[in-house]
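**Q** Quick one: the structure is below, and I'll ask about it shortly.
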Protein chains: 2
Amino acid sequence: MAYSTTGVTLQMFKDQLLKGRIQNMSASQERFDSVCAKAREAMVLHSTADTLEWDERTGMPIAAGDYRAQQISMLRALVHELRTDAGYGENLQQLVEDLKDEDPHEPRVATVRQLHRDWQRDCKLPTALVEQISQATVRGQQKWDAARQADDFSIFENTLENIVDLKREAGSRLSEGTNQSVYEALLDEYEPGAKVDEIQQVFDDLRTPLVQLIAAIRDAPKQPDTGILERTYCIDDQRDFSHHVAEQIGFDFERGRLDETSHPFCTTLGPHDCRILTRYDPHWLPAGLFGTMHEAGHGMYEQGLRSDWFGLPPGSYASLGIHESQSRLWENQVGRSRSFWEWLYPQTSDTFQSQLEGVSLDAFYFAINTVRPSLIRVEADEATYNLHIIIRFDLERQLIDGSLSVKDLPEAWNTRYESDLGIRPPSDADGVLQDVHWSAGLIGYFPTYTLGNAAAAQLFAAASEQIGDLDELFARGEFRLLLDWLRERIHFDGQCYSGTELIERATGKPLNATDLVKYLQAKLEPLYGIAGS
Amino acid sequence: MAYSTTGVTLQMFKDQLLKGRIQNMSASQERFDSVCAKAREAMVLHSTADTLEWDERTGMPIAAGDYRAQQISMLRALVHELRTDAGYGENLQQLVEDLKDEDPHEPRVATVRQLHRDWQRDCKLPTALVEQISQATVRGQQKWDAARQADDFSIFENTLENIVDLKREAGSRLSEGTNQSVYEALLDEYEPGAKVDEIQQVFDDLRTPLVQLIAAIRDAPKQPDTGILERTYCIDDQRDFSHHVAEQIGFDFERGRLDETSHPFCTTLGPHDCRILTRYDPHWLPAGLFGTMHEAGHGMYEQGLRSDWFGLPPGSYASLGIHESQSRLWENQVGRSRSFWEWLYPQTSDTFQSQLEGVSLDAFYFAINTVRPSLIRVEADEATYNLHIIIRFDLERQLIDGSLSVKDLPEAWNTRYESDLGIRPPSDADGVLQDVHWSAGLIGYFPTYTLGNAAAAQLFAAASEQIGDLDELFARGEFRLLLDWLRERIHFDGQCYSGTELIERATGKPLNATDLVKYLQAKLEPLYGIAGS
């Protein structure tokens, strides 16, 4: 495969040559081109494996799982081989040296920094371990699916135990030579540079006011009628409607598609190929609709990355927290705002005439902003959602440090739900088996959801200040200005800045819980008729 | 990837050792295991590329084409590298020597013979040429699609010219050191060992009686009312109905799926993952229904191959002619028989009540057996179909030998349709642009369709003789005995026998046109009320 980045890099190396910083411009430029070519080659195979996974989760024949696992693990092994190539690593080390005095946010410097970081991490993991994890997690997802359908954790138990052991080993190897804990080394995969203490601080700042707000809501004089969302909403209509909404807010269907799966996600299979997936519940309208807006938010971030840098850090998302800030902003700050429904409700009540006959905009708006402790994270409201995350954050750290065994996980899960949310899951399917993450080896991933929620509120507050009256725009179905603001402040830079840096640059302050608390209070207190704190 | 075939091969090598035919049993066995492992590894990547192509043709976002072409061509290049590995070739050559006195139809001997043949062919093609063809054909399909939609051959012309040049070069290289012509060397890819002269003979034997039959039908006293098939058949209902029919005749949906695409096909993505694709026309019921039965016939062949030999010759289809014999047999000999409709028509008229009200079984049966010269091959009836193939067979040989240029192809196409079928295509979309094959580099592929038609009739005649009254079985929806007969006589052996050998073993005579001519006359003459010849 021949990829040339010569054009864009020439000037930088010329500049350096003039400054006397590198001895041999063409050698340094060749090195840069070579590492980019290798990284892009790895991405071709990586995105191929992702395509196979997308297919696995959108209707692959049930008996095809074993062979699919072989295919994916072979591709992942080839990717790992390319990314840990010794010559590639030497080039990166030399380039780090060549560019050490350059602007760290310049795309080419960021490319070298991030690829070097990835290379260092990849080299710490032996190929055999990577293959074991790949096989374990492909099987893990199959076993998880079977366990969930049978509502029987024991089907999944051994597989999960194996996954936890393998991830612990990976974390332990990754943490070598760093000041990270084993868990932080895993977390670093999803939220580069994040510290457990800092996350704990944001979570603590969020927890107290949230618990107060949720308690006040429970006892509030006004309560929504959620029954209107539980009427029978035909899936065909929901599908068309969700497609329409995703398109209107800015998801580009020439460069993406929307499908259905049991556990919604977003995956990018090429520079112009972003796939979002949702699921529809005929008796719960918000599941499909807000699920789609959520995934469309992820998708618009991916579509806003620079396609000419696809497969390289400047064309890749900054962190999962940043990714989640985009999905939650579109799902909640936009999708659950009153002004958004001033625009969309007439179309909604037109599409679902019989279901929404006689239902006012205000009643609908109140219903989609219901706050009520529940069992399923992906269907949780904005306020209680973060309590779901805090439980998972705590439990997965215990699994990794060995203070909780997989065997005892369902009981620990149920106990925490009872103490934190006041409800005990009646079954594993609605409890510990609800999320795909651990079955896919995604340990250290959950906290990024709440980091994303905090970032979404903080970004939205800043956008409102800088753009002006967003409500007026939403009320007439105009989302382009907000999307462009996000493109410019967040999407465009890829990994040229860290997640933390992006938030600080866009909002003028470090990530914190304040805006999220304020946003929730400002919306929910008047709705429920409770006094502000 | 570790694949072990030790268990199944041990005995053979032990036998040979006892006979003193090989010096070192374990060395020979290791060689065999090594070539099988390599071939299966190549198949993992090959089937991955096929998965990407399946996805490309089932809804990939429109802008994703360029990157997808890169992915596929990189995978194809990796496959080519594995299959032309020098050590692999040396092992195969040694194994050919080791096994030269063994039963050639024994699975392990067939494995070595066929892999050695493939290796010899693959080595004749330089990697650069393989990559060029891969890229040209991925783009070719995109351009073909665009040209077809714009009904403008010129959009596709340059790309096709490039493909023909590259395939001519490939054929020329492949024919080196053989007694094959350039075209035969290309044909050999799809119908191993086939000779142009032999094909010409079958085609000639078919042509004269077919032309007579078609002429008699044109002037026949009775004519069907095809209007009943042109009423509006809702696509959702067609989809469900086709799924039901495919399942009833024996396609296994736990090991396969049915989807929609612009140009129907069947592809196998793993030992338990066969994908069939059809297209529905709301105003032409036969398109979707018989398209599905056709692809299900292909799919059942794939599902009947031995999954433990997946990726190796004993688990691979014998030839495209044999493949087509299976699809045509289910589509025509079964699907267009009166007894089949005795079973299915009550369900059909129940599903499509308003469209088929007052339409008798006989009227429906006559309509689906309409014979009438038409423009589109895939929608052609059983009798005229073969004339479509003969045109393509002639034209593609002229493209390869240079006596026809791509520029002149549309005119040559239209002229032949006028002379052979009596109708001139009013547009390229309904003419030379209708088939995907040439855009995909499939030159030498078309004749296998008519070879398959002849084989289907010959196999069906033999099955009727050996099983007994098939009509009685079909009339009560019983297809298992026929499928089992095909599994045992054709599917099970994979490539242990050649296509020609399989037909001769199953029917007791070499492939010929007689049974097809007899079958068509026996069905069509009474329907149209014409005297037998």
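Residue numbering restarts at 1 in every chain; chains get A, B, ... in the order shown in the structure tokens, and ligands count up from 1 in that same order.
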Quick one: everything within 12 Å of A:Leu395, counting only C-alpha atoms, minus sequence neighbours fewer than 6 positions away in the same chain. Send it as a count of residues only.

**A** 25

**Q** Counting only C-alpha atoms, which residues of chain A come no farther than 6 Å from chain B, as a ChimeraX atom specification?

**A** /A:44,61-64,71,254-256,272-273

**Q** Please indicate the distance in Å from atom CA of A:Gln201 to atom CA of A:Asp435, rounded to one decimal place.

**A**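 Distance between the two atoms: 25.0 Å.
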
**Q** Among stretch 110-285 of chain B, which residues carry a DSSP assignment of alpha helix (DSSP H), reported as a ChimeraX atom specification?

**A** /B:110-124,127-150,154-175,182-187,196-218,235-249,285

**Q** Store the residues picked out above in a file with C-alpha atoms, as an mmCIF file, in the first residue's frame.

**A**
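Output below, filename part-v6.cif:
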```cif
data_model
loop_
_atom_site.group_PDB
_atom_site.id
_atom_site.type_symbol
_atom_site.label_atom_id
_atom_site.label_comp_id
_atom_site.auth_asym_id
_atom_site.auth_seq_id
_atom_site.Cartn_x
_atom_site.Cartn_y
_atom_site.Cartn_z
ATOM 1 C CA ALA B 110 -7.306 -34.352 -3.887
ATOM 2 C CA THR B 111 -6.229 -31.645 -1.432
ATOM 3 C CA VAL B 112 -2.635 -31.877 -2.588
ATOM 4 C CA ARG B 113 -3.535 -32.094 -6.286
ATOM 5 C CA GLN B 114 -5.857 -29.086 -6.250
ATOM 6 C CA LEU B 115 -3.689 -26.898 -4.013
ATOM 7 C CA HIS B 116 -0.715 -27.694 -6.227
ATOM 8 C CA ARG B 117 -2.712 -26.743 -9.321
ATOM 9 C CA ASP B 118 -3.818 -23.482 -7.653
ATOM 10 C CA TRP B 119 -0.282 -22.756 -6.529
ATOM 11 C CA GLN B 120 1.039 -23.250 -10.055
ATOM 12 C CA ARG B 121 -1.613 -20.885 -11.423
ATOM 13 C CA ASP B 122 -1.075 -18.310 -8.673
ATOM 14 C CA CYS B 123 2.679 -18.294 -9.194
ATOM 15 C CA LYS B 124 2.204 -17.398 -12.808
ATOM 16 C CA THR B 127 1.674 -9.750 -7.216
ATOM 17 C CA ALA B 128 1.578 -6.388 -8.992
ATOM 18 C CA LEU B 129 -0.793 -7.764 -11.644
ATOM 19 C CA VAL B 130 -3.045 -9.342 -9.015
ATOM 20 C CA GLU B 131 -3.232 -6.030 -7.168
ATOM 21 C CA GLN B 132 -3.923 -4.136 -10.386
ATOM 22 C CA ILE B 133 -6.761 -6.509 -11.227
ATOM 23 C CA SER B 134 -8.150 -6.260 -7.726
ATOM 24 C CA GLN B 135 -8.136 -2.470 -7.755
ATOM 25 C CA ALA B 136 -9.440 -2.279 -11.310
ATOM 26 C CA THR B 137 -12.342 -4.574 -10.538
ATOM 27 C CA VAL B 138 -13.366 -2.902 -7.300
ATOM 28 C CA ARG B 139 -13.417 0.418 -9.174
ATOM 29 C CA GLY B 140 -14.950 -1.402 -12.118
ATOM 30 C CA GLN B 141 -17.964 -2.335 -10.083
ATOM 31 C CA GLN B 142 -18.366 1.206 -8.821
ATOM 32 C CA LYS B 143 -18.110 2.617 -12.349
ATOM 33 C CA TRP B 144 -20.406 -0.065 -13.719
ATOM 34 C CA ASP B 145 -22.968 0.796 -11.086
ATOM 35 C CA ALA B 146 -22.726 4.499 -11.927
ATOM 36 C CA ALA B 147 -22.894 3.803 -15.680
ATOM 37 C CA ARG B 148 -25.926 1.590 -15.233
ATOM 38 C CA GLN B 149 -27.711 4.185 -13.153
ATOM 39 C CA ALA B 150 -26.911 6.911 -15.665
ATOM 40 C CA SER B 154 -19.073 5.666 -21.682
ATOM 41 C CA ILE B 155 -18.748 6.092 -17.879
ATOM 42 C CA PHE B 156 -17.643 2.460 -17.712
ATOM 43 C CA GLU B 157 -15.746 2.152 -21.002
ATOM 44 C CA ASN B 158 -12.190 3.029 -19.924
ATOM 45 C CA THR B 159 -12.434 0.961 -16.765
ATOM 46 C CA LEU B 160 -13.643 -2.062 -18.710
ATOM 47 C CA GLU B 161 -10.924 -1.618 -21.286
ATOM 48 C CA ASN B 162 -8.385 -1.684 -18.480
ATOM 49 C CA ILE B 163 -9.985 -4.808 -16.997
ATOM 50 C CA VAL B 164 -9.981 -6.623 -20.355
ATOM 51 C CA ASP B 165 -6.314 -5.717 -20.921
ATOM 52 C CA LEU B 166 -5.354 -6.934 -17.464
ATOM 53 C CA LYS B 167 -7.327 -10.169 -17.836
ATOM 54 C CA ARG B 168 -5.813 -10.792 -21.255
ATOM 55 C CA GLU B 169 -2.385 -10.420 -19.713
ATOM 56 C CA ALA B 170 -3.383 -12.767 -16.889
ATOM 57 C CA GLY B 171 -4.770 -15.337 -19.333
ATOM 58 C CA SER B 172 -1.650 -15.129 -21.435
ATOM 59 C CA ARG B 173 0.567 -15.782 -18.410
ATOM 60 C CA LEU B 174 -1.682 -18.565 -17.140
ATOM 61 C CA SER B 175 -1.666 -20.336 -20.499
ATOM 62 C CA VAL B 182 -5.593 -17.463 -23.471
ATOM 63 C CA TYR B 183 -9.371 -17.616 -23.097
ATOM 64 C CA GLU B 184 -9.292 -21.240 -21.920
ATOM 65 C CA ALA B 185 -6.749 -20.300 -19.293
ATOM 66 C CA LEU B 186 -9.236 -17.761 -17.930
ATOM 67 C CA LEU B 187 -12.143 -20.205 -18.225
ATOM 68 C CA VAL B 196 -13.775 -24.358 -25.722
ATOM 69 C CA ASP B 197 -14.434 -27.023 -28.367
ATOM 70 C CA GLU B 198 -16.387 -29.214 -25.956
ATOM 71 C CA ILE B 199 -18.433 -26.287 -24.727
ATOM 72 C CA GLN B 200 -19.089 -25.271 -28.295
ATOM 73 C CA GLN B 201 -20.391 -28.778 -28.998
ATOM 74 C CA VAL B 202 -22.889 -28.715 -26.094
ATOM 75 C CA PHE B 203 -23.975 -25.219 -27.098
ATOM 76 C CA ASP B 204 -24.441 -26.238 -30.744
ATOM 77 C CA ASP B 205 -26.477 -29.315 -29.756
ATOM 78 C CA LEU B 206 -28.656 -27.065 -27.661
ATOM 79 C CA ARG B 207 -29.044 -24.192 -30.054
ATOM 80 C CA THR B 208 -30.887 -25.769 -32.966
ATOM 81 C CA PRO B 209 -33.709 -27.496 -31.035
ATOM 82 C CA LEU B 210 -34.018 -24.445 -28.763
ATOM 83 C CA VAL B 211 -34.423 -22.042 -31.650
ATOM 84 C CA GLN B 212 -37.088 -24.375 -33.118
ATOM 85 C CA LEU B 213 -38.899 -24.644 -29.788
ATOM 86 C CA ILE B 214 -38.844 -20.883 -29.216
ATOM 87 C CA ALA B 215 -40.162 -20.267 -32.743
ATOM 88 C CA ALA B 216 -42.971 -22.815 -32.255
ATOM 89 C CA ILE B 217 -43.883 -21.191 -28.956
ATOM 90 C CA ARG B 218 -44.014 -17.754 -30.546
ATOM 91 C CA ILE B 235 -42.028 -5.959 -1.297
ATOM 92 C CA ASP B 236 -42.456 -6.644 2.428
ATOM 93 C CA ASP B 237 -44.754 -9.572 1.609
ATOM 94 C CA GLN B 238 -42.420 -10.828 -1.108
ATOM 95 C CA ARG B 239 -39.520 -10.710 1.332
ATOM 96 C CA ASP B 240 -41.322 -12.805 3.943
ATOM 97 C CA PHE B 241 -42.616 -15.212 1.330
ATOM 98 C CA SER B 242 -39.216 -15.739 -0.297
ATOM 99 C CA HIS B 243 -37.651 -16.346 3.098
ATOM 100 C CA HIS B 244 -40.308 -18.955 3.806
ATOM 101 C CA VAL B 245 -39.789 -20.733 0.472
ATOM 102 C CA ALA B 246 -35.991 -20.773 0.845
ATOM 103 C CA GLU B 247 -36.372 -22.298 4.292
ATOM 104 C CA GLN B 248 -38.882 -24.902 3.138
ATOM 105 C CA ILE B 249 -36.737 -26.214 0.291
ATOM 106 C CA LEU B 285 -43.253 -11.451 -8.848
#
```

**Q** For A:Asp515, work out the shell of residues within 12 Å, counting only C-alpha atoms and skipping chain neighbours fewer than 6 positions away, then give it as a PyMOL selection string.

**A** chain A and resi 202+205-206+333+453-462+507+509+521-522

**Q** Only C-alpha atoms, please: the residues just picked out, written as a PDB file, in the first residue's frame.

**A**
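Wrote it out as selection.pdb, contents follow:
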```pdb
ATOM      1  CA  VAL A 202     -15.466  14.831  39.612  1.00  0.00           C
ATOM      2  CA  ASP A 205     -18.655  16.566  43.269  1.00  0.00           C
ATOM      3  CA  LEU A 206     -21.459  15.181  41.179  1.00  0.00           C
ATOM      4  CA  GLN A 333     -28.656  19.053  25.925  1.00  0.00           C
ATOM      5  CA  ASN A 453     -21.694  13.879  30.626  1.00  0.00           C
ATOM      6  CA  ALA A 454     -19.765  16.492  32.556  1.00  0.00           C
ATOM      7  CA  ALA A 455     -17.955  17.623  29.413  1.00  0.00           C
ATOM      8  CA  ALA A 456     -21.207  17.798  27.418  1.00  0.00           C
ATOM      9  CA  ALA A 457     -22.777  20.181  29.922  1.00  0.00           C
ATOM     10  CA  GLN A 458     -19.618  22.263  30.073  1.00  0.00           C
ATOM     11  CA  LEU A 459     -19.321  22.482  26.271  1.00  0.00           C
ATOM     12  CA  PHE A 460     -22.995  23.269  25.835  1.00  0.00           C
ATOM     13  CA  ALA A 461     -22.797  26.092  28.373  1.00  0.00           C
ATOM     14  CA  ALA A 462     -19.805  27.548  26.523  1.00  0.00           C
ATOM     15  CA  THR A 507     -14.659  26.342  27.661  1.00  0.00           C
ATOM     16  CA  LYS A 509     -11.786  25.996  32.435  1.00  0.00           C
ATOM     17  CA  GLN A 521     -31.103  21.620  38.371  1.00  0.00           C
ATOM     18  CA  ALA A 522     -32.143  24.379  35.977  1.00  0.00           C
TER      19      ALA A 522
END
```

**Q** Quick check for you: according to DSSP on this backbone, which residues of stretch 239-480 of chain B are classed as strand (DSSP E)? Reply as an MDAnalysis selection string.

**A** chainID B and resid 256:260 266:270 273:278

**Q** Contacts of B:Gly499 at 9 Å or less, counting only C-alpha atoms, minus same-chain residues fewer than 3 places along, as JSON, numbers by chain?

**A** {"B": [191, 192, 318, 319, 320, 321, 322, 490, 495, 502, 503, 504]}

**Q** Give me the residues near B:Lys38 as a list of chain:residue names, where near means some atom within 8 Å (using only C-alpha atoms) and where sequence neighbours in that chain fewer than 4 positions away do not count.

**A** B:Ser34, B:Ala42, B:Leu82, B:Arg83, B:Tyr88

**Q** Selected residues, C-alpha atoms, written as an mmCIF file, in the first residue's frame, please.

**A**
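Below you can see again.cif, which holds the result:
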```cif
data_model
loop_
_atom_site.group_PDB
_atom_site.id
_atom_site.type_symbol
_atom_site.label_atom_id
_atom_site.label_comp_id
_atom_site.auth_asym_id
_atom_site.auth_seq_id
_atom_site.Cartn_x
_atom_site.Cartn_y
_atom_site.Cartn_z
ATOM 1 C CA SER B 34 1.758 -27.278 6.972
ATOM 2 C CA ALA B 42 -5.216 -17.788 3.264
ATOM 3 C CA LEU B 82 0.433 -16.741 1.293
ATOM 4 C CA ARG B 83 -0.638 -18.809 -1.695
ATOM 5 C CA TYR B 88 4.457 -23.819 0.574
#
```
